[in-house]
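A.B. asks: Below is one structure. I have some questions about it.
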Amino acid sequence: MRYSEAEKKAANAVMTRVYGYMFLGLIVSALTAAMFAYVPDGREFLYSVGKTGETTLSVSGWIVLLAPLAIVLFTGGLMKQLSAGAMMIVFVFFCALMGASLSSVFLVYTEASIMMCFVTASATFGAMALFGLTTQTDLTSWGSVLLMALFGLIVAMVVNIFFKSAAMDFVISLVAVVVFCALTAYDSRKIREELDNCYDDEEAAKIAIWGALSLYLDFVNLLLHLLRLFGQKK
């Protein structure tokens, strides 16, 4: 199907908004994470220090940690039924919760290694997103394969909680980097195709926000697994 120049420009404009929303989400998460990691009152709300000096999650910390997962599992399907404005509010709130749950990154890894992995993740994400948008290869078949790979990763991570194998943890993170790189390309192409076939401004805005959330999760997971592979602990 051929699209007019006006339709292509409109889709390009919305696609730019997708990455803009994603960038906004990352900023919200970074600021929230820094607040809970470096501001004493915020840190004490999420973490407790034992007699041996070991830092562990408090009850409120566990609630904050599990809240983003609960939102994705139980309200993810309902988000698309909201208005674009309401979806944006949920998106920003979700990114803030994610930032709070990721504040431990600043407590575990050095700032220099966080920055190094962030730059690496950004370059990798950008390259894979560009590949997804420009490749002539049909990426539709990737969806089911990546979904199974993602499910396998989750199972492997849960199993390794009990085995606590460093070798298994390394392999899981290595595979995860590959999976989330592929997901970045797949999601970018999928979002663009949805926008190409959308002729309603409200629906396009909702696609942009939902797409930003998908790409945000791809980036955050890519960054976290790069940190597990290359991050220097304090």
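By convention here, the chains of the structure tokens are called A, B, ... in the order presented, each chain's residues are numbered starting at 1, and ligands are numbered starting at 1 in the order presented.
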For segment 40-158 of chain A against segment 19-30 of chain A, with a cut-off of 9 Å and counting only C-alpha atoms, what is the closest atom pair and its distance in Å to one decimal for every residue that makes the cut, ordered by chain and number, as a tab-separated table?

C.D. replies:
```
residue	atom	partner	partner_atom	distance
A:Met88	CA	A:Tyr21	CA	8.8
A:Phe91	CA	A:Gly25	CA	7.6
A:Val92	CA	A:Gly25	CA	6.2
A:Phe93	CA	A:Val28	CA	8.9
A:Phe94	CA	A:Gly25	CA	8.6
A:Cys95	CA	A:Ser29	CA	5.3
A:Ala96	CA	A:Ser29	CA	5.1
A:Leu97	CA	A:Ser29	CA	7.5
A:Met98	CA	A:Ser29	CA	6.1
A:Gly99	CA	A:Ser29	CA	3.8
A:Ala100	CA	A:Ser29	CA	7.2
A:Leu102	CA	A:Ser29	CA	8.1
A:Ser103	CA	A:Ala30	CA	8.4
```

A.B. asks: Could those selected residues go to a file with N, CA, C and O atoms, as a CSV table (one decimal), in the first residue's frame?

C.D. replies:
```csv
chain,number,residue,atom,x,y,z
A,88,MET,N,-1.1,9.3,29.3
A,88,MET,CA,0.2,10.0,29.6
A,88,MET,C,0.4,10.1,31.1
A,88,MET,O,1.5,9.9,31.6
A,91,PHE,N,1.6,6.8,32.3
A,91,PHE,CA,2.9,6.5,31.8
A,91,PHE,C,4.0,7.2,32.7
A,91,PHE,O,4.9,6.6,33.1
A,92,VAL,N,3.7,8.5,33.0
A,92,VAL,CA,4.7,9.3,33.8
A,92,VAL,C,4.7,8.7,35.2
A,92,VAL,O,5.8,8.5,35.8
A,93,PHE,N,3.5,8.3,35.8
A,93,PHE,CA,3.5,7.7,37.1
A,93,PHE,C,4.2,6.4,37.1
A,93,PHE,O,5.0,6.1,38.0
A,94,PHE,N,4.1,5.6,36.1
A,94,PHE,CA,4.8,4.3,35.9
A,94,PHE,C,6.3,4.5,35.9
A,94,PHE,O,7.1,3.8,36.6
A,95,CYS,N,6.7,5.5,35.1
A,95,CYS,CA,8.2,5.8,35.0
A,95,CYS,C,8.7,6.3,36.4
A,95,CYS,O,9.9,5.9,36.7
A,96,ALA,N,7.9,7.0,37.1
A,96,ALA,CA,8.4,7.5,38.4
A,96,ALA,C,8.5,6.3,39.4
A,96,ALA,O,9.5,6.2,40.1
A,97,LEU,N,7.6,5.4,39.4
A,97,LEU,CA,7.7,4.1,40.2
A,97,LEU,C,8.9,3.3,39.8
A,97,LEU,O,9.6,2.8,40.6
A,98,MET,N,9.1,3.2,38.5
A,98,MET,CA,10.3,2.4,38.0
A,98,MET,C,11.5,3.1,38.5
A,98,MET,O,12.5,2.4,38.9
A,99,GLY,N,11.6,4.4,38.5
A,99,GLY,CA,12.8,5.1,38.9
A,99,GLY,C,13.0,4.8,40.4
A,99,GLY,O,14.2,4.5,40.8
A,100,ALA,N,12.0,4.8,41.2
A,100,ALA,CA,12.1,4.5,42.6
A,100,ALA,C,12.6,3.1,42.8
A,100,ALA,O,13.5,2.8,43.7
A,102,LEU,N,14.4,1.4,40.8
A,102,LEU,CA,15.7,1.2,40.3
A,102,LEU,C,16.8,2.1,41.0
A,102,LEU,O,17.9,2.1,40.6
A,103,SER,N,16.4,2.7,42.1
A,103,SER,CA,17.3,3.6,42.8
A,103,SER,C,18.5,2.8,43.4
A,103,SER,O,19.5,3.3,43.6
```

A.B. asks: Env of Phe125 of chain A: 8 Å cut, atoms = only C-alpha atoms, seq-sep filter 6 positions within chain, self excluded. Answer as a PyMOL selection string.

C.D. replies: chain A and resi 181+184+219

A.B. asks: With N, CA and C atoms kept, could you save the residues just selected as an mmCIF file, in the first residue's frame?

C.D. replies:
```
data_model
loop_
_atom_site.group_PDB
_atom_site.id
_atom_site.type_symbol
_atom_site.label_atom_id
_atom_site.label_comp_id
_atom_site.auth_asym_id
_atom_site.auth_seq_id
_atom_site.Cartn_x
_atom_site.Cartn_y
_atom_site.Cartn_z
ATOM 1 N N CYS A 181 17.852 -6.106 22.408
ATOM 2 C CA CYS A 181 18.272 -5.438 21.171
ATOM 3 C C CYS A 181 17.293 -5.782 20.046
ATOM 4 N N THR A 184 13.971 -4.076 20.539
ATOM 5 C CA THR A 184 14.012 -2.663 20.162
ATOM 6 C C THR A 184 13.728 -2.493 18.679
ATOM 7 N N PHE A 219 14.698 -0.298 26.652
ATOM 8 C CA PHE A 219 15.931 0.412 26.987
ATOM 9 C C PHE A 219 16.355 0.129 28.421
#
```

A.B. asks: Out of A:Ser144, A:Asn12, A:Thr55, A:Asn221, which residue has the shortest atom-to-atom distance to Ser122 of chain A when counting only C-alpha atoms?

C.D. replies: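 Between A:Ser144, A:Asn12, A:Thr55, A:Asn221, the residue approaching Ser122 of chain A most closely is A:Asn221.
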
A.B. asks: Can you list every residue in chain A that DSSP puts in strand (DSSP E), as a PyMOL selection string?

C.D. replies: chain A and resi 47-49+55-57

A.B. asks: Given the choices A:Leu226, A:Ile209, A:Met35, A:Val220, which gets closest to Ile172 of chain A if the distance is worked out from only C-alpha atoms?

C.D. replies: A:Leu226

A.B. asks: Chain A: which residues are helix (DSSP H, G or I) by DSSP, as a PyMOL selection string?

C.D. replies: chain A and resi 5-38+40-46+59-79+84-101+104-108+111-134+142-163+166-196+201-230

A.B. asks: Write out as a PyMOL selection string each polymer residue whose atoms come within 10 Å of Trp210 of chain A, counting only C-alpha atoms; drop sequence neighbours fewer than 3 positions from it.

C.D. replies: chain A and resi 18+21-22+76+79-80+84+87-88+91+191+204-207+213-216

A.B. asks: Could you turn the residues from that selection into a file that holds N, CA, C and O atoms, as a PDB file, in the first residue's frame?

C.D. replies:
```pdb
ATOM      1  N   VAL A  18       7.071   9.590  19.838  1.00  0.00           N
ATOM      2  CA  VAL A  18       7.277   8.330  20.556  1.00  0.00           C
ATOM      3  C   VAL A  18       8.608   8.375  21.303  1.00  0.00           C
ATOM      4  O   VAL A  18       8.683   8.101  22.509  1.00  0.00           O
ATOM      5  N   TYR A  21       8.562  11.001  24.109  1.00  0.00           N
ATOM      6  CA  TYR A  21       7.894  10.508  25.319  1.00  0.00           C
ATOM      7  C   TYR A  21       8.796   9.526  26.069  1.00  0.00           C
ATOM      8  O   TYR A  21       8.863   9.536  27.305  1.00  0.00           O
ATOM      9  N   MET A  22       9.467   8.667  25.315  1.00  0.00           N
ATOM     10  CA  MET A  22      10.369   7.704  25.936  1.00  0.00           C
ATOM     11  C   MET A  22      11.490   8.423  26.687  1.00  0.00           C
ATOM     12  O   MET A  22      11.827   8.075  27.825  1.00  0.00           O
ATOM     13  N   GLY A  76      -2.086  -3.171  32.176  1.00  0.00           N
ATOM     14  CA  GLY A  76      -1.515  -2.913  30.860  1.00  0.00           C
ATOM     15  C   GLY A  76      -2.550  -2.974  29.748  1.00  0.00           C
ATOM     16  O   GLY A  76      -2.602  -2.114  28.862  1.00  0.00           O
ATOM     17  N   MET A  79      -4.949   0.105  29.689  1.00  0.00           N
ATOM     18  CA  MET A  79      -4.417   1.419  29.345  1.00  0.00           C
ATOM     19  C   MET A  79      -4.911   1.915  27.992  1.00  0.00           C
ATOM     20  O   MET A  79      -5.192   3.092  27.803  1.00  0.00           O
ATOM     21  N   LYS A  80      -5.016   0.990  27.034  1.00  0.00           N
ATOM     22  CA  LYS A  80      -5.409   1.382  25.685  1.00  0.00           C
ATOM     23  C   LYS A  80      -6.858   1.852  25.616  1.00  0.00           C
ATOM     24  O   LYS A  80      -7.273   2.445  24.626  1.00  0.00           O
ATOM     25  N   ALA A  84      -5.897   9.592  25.587  1.00  0.00           N
ATOM     26  CA  ALA A  84      -4.466   9.832  25.444  1.00  0.00           C
ATOM     27  C   ALA A  84      -3.915  10.594  26.651  1.00  0.00           C
ATOM     28  O   ALA A  84      -2.821  10.304  27.143  1.00  0.00           O
ATOM     29  N   MET A  87      -3.632   8.237  29.569  1.00  0.00           N
ATOM     30  CA  MET A  87      -2.521   7.315  29.319  1.00  0.00           C
ATOM     31  C   MET A  87      -1.191   7.984  29.646  1.00  0.00           C
ATOM     32  O   MET A  87      -0.287   7.351  30.205  1.00  0.00           O
ATOM     33  N   MET A  88      -1.063   9.256  29.302  1.00  0.00           N
ATOM     34  CA  MET A  88       0.183   9.970  29.586  1.00  0.00           C
ATOM     35  C   MET A  88       0.420  10.087  31.085  1.00  0.00           C
ATOM     36  O   MET A  88       1.545   9.934  31.565  1.00  0.00           O
ATOM     37  N   PHE A  91       1.568   6.759  32.265  1.00  0.00           N
ATOM     38  CA  PHE A  91       2.928   6.539  31.775  1.00  0.00           C
ATOM     39  C   PHE A  91       3.953   7.234  32.668  1.00  0.00           C
ATOM     40  O   PHE A  91       4.948   6.638  33.089  1.00  0.00           O
ATOM     41  N   ILE A 191       5.586  -0.214  15.875  1.00  0.00           N
ATOM     42  CA  ILE A 191       4.971   1.085  16.159  1.00  0.00           C
ATOM     43  C   ILE A 191       4.799   1.874  14.868  1.00  0.00           C
ATOM     44  O   ILE A 191       3.746   2.481  14.632  1.00  0.00           O
ATOM     45  N   ALA A 204      -3.650   7.879  17.201  1.00  0.00           N
ATOM     46  CA  ALA A 204      -2.208   8.026  16.953  1.00  0.00           C
ATOM     47  C   ALA A 204      -1.483   8.449  18.223  1.00  0.00           C
ATOM     48  O   ALA A 204      -0.376   7.972  18.517  1.00  0.00           O
ATOM     49  N   ALA A 205      -2.096   9.344  18.993  1.00  0.00           N
ATOM     50  CA  ALA A 205      -1.496   9.791  20.254  1.00  0.00           C
ATOM     51  C   ALA A 205      -1.379   8.635  21.243  1.00  0.00           C
ATOM     52  O   ALA A 205      -0.374   8.500  21.954  1.00  0.00           O
ATOM     53  N   LYS A 206      -2.393   7.771  21.271  1.00  0.00           N
ATOM     54  CA  LYS A 206      -2.371   6.619  22.176  1.00  0.00           C
ATOM     55  C   LYS A 206      -1.316   5.602  21.739  1.00  0.00           C
ATOM     56  O   LYS A 206      -0.618   5.015  22.576  1.00  0.00           O
ATOM     57  N   ILE A 207      -1.185   5.414  20.423  1.00  0.00           N
ATOM     58  CA  ILE A 207      -0.142   4.518  19.901  1.00  0.00           C
ATOM     59  C   ILE A 207       1.233   5.044  20.292  1.00  0.00           C
ATOM     60  O   ILE A 207       2.131   4.282  20.664  1.00  0.00           O
ATOM     61  N   LEU A 213       6.170   3.509  25.947  1.00  0.00           N
ATOM     62  CA  LEU A 213       6.284   2.617  27.102  1.00  0.00           C
ATOM     63  C   LEU A 213       7.031   1.335  26.722  1.00  0.00           C
ATOM     64  O   LEU A 213       7.901   0.874  27.464  1.00  0.00           O
ATOM     65  N   SER A 214       6.697   0.765  25.570  1.00  0.00           N
ATOM     66  CA  SER A 214       7.367  -0.462  25.115  1.00  0.00           C
ATOM     67  C   SER A 214       8.855  -0.228  24.925  1.00  0.00           C
ATOM     68  O   SER A 214       9.693  -1.028  25.376  1.00  0.00           O
ATOM     69  N   LEU A 215       9.211   0.872  24.252  1.00  0.00           N
ATOM     70  CA  LEU A 215      10.618   1.171  24.006  1.00  0.00           C
ATOM     71  C   LEU A 215      11.341   1.553  25.295  1.00  0.00           C
ATOM     72  O   LEU A 215      12.526   1.227  25.467  1.00  0.00           O
ATOM     73  N   TYR A 216      10.648   2.218  26.194  1.00  0.00           N
ATOM     74  CA  TYR A 216      11.219   2.547  27.507  1.00  0.00           C
ATOM     75  C   TYR A 216      11.632   1.262  28.232  1.00  0.00           C
ATOM     76  O   TYR A 216      12.737   1.167  28.780  1.00  0.00           O
TER      77      TYR A 216
END
```

A.B. asks: Which is closest to Thr135 of chain A among A:Phe74, A:Tyr186, A:Phe180, A:Phe45, if we use only C-alpha atoms?

C.D. replies: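 The answer is A:Tyr186, which sits nearest to Thr135 of chain A.
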
A.B. asks: Figure out the distance between atom CA of Ser113 of chain A and atom CA of Lys233 of chain A, please, to one decimal in Å.

C.D. replies: 8.3 Å

A.B. asks: Name the closest residue to Leu147 of chain A among the candidates A:Ile89, A:Val64, A:Ala182, A:Leu229; distances are taken between atoms, counting only C-alpha atoms.

C.D. replies: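 Among A:Ile89, A:Val64, A:Ala182, A:Leu229, it is A:Ala182 that comes nearest to Leu147 of chain A.
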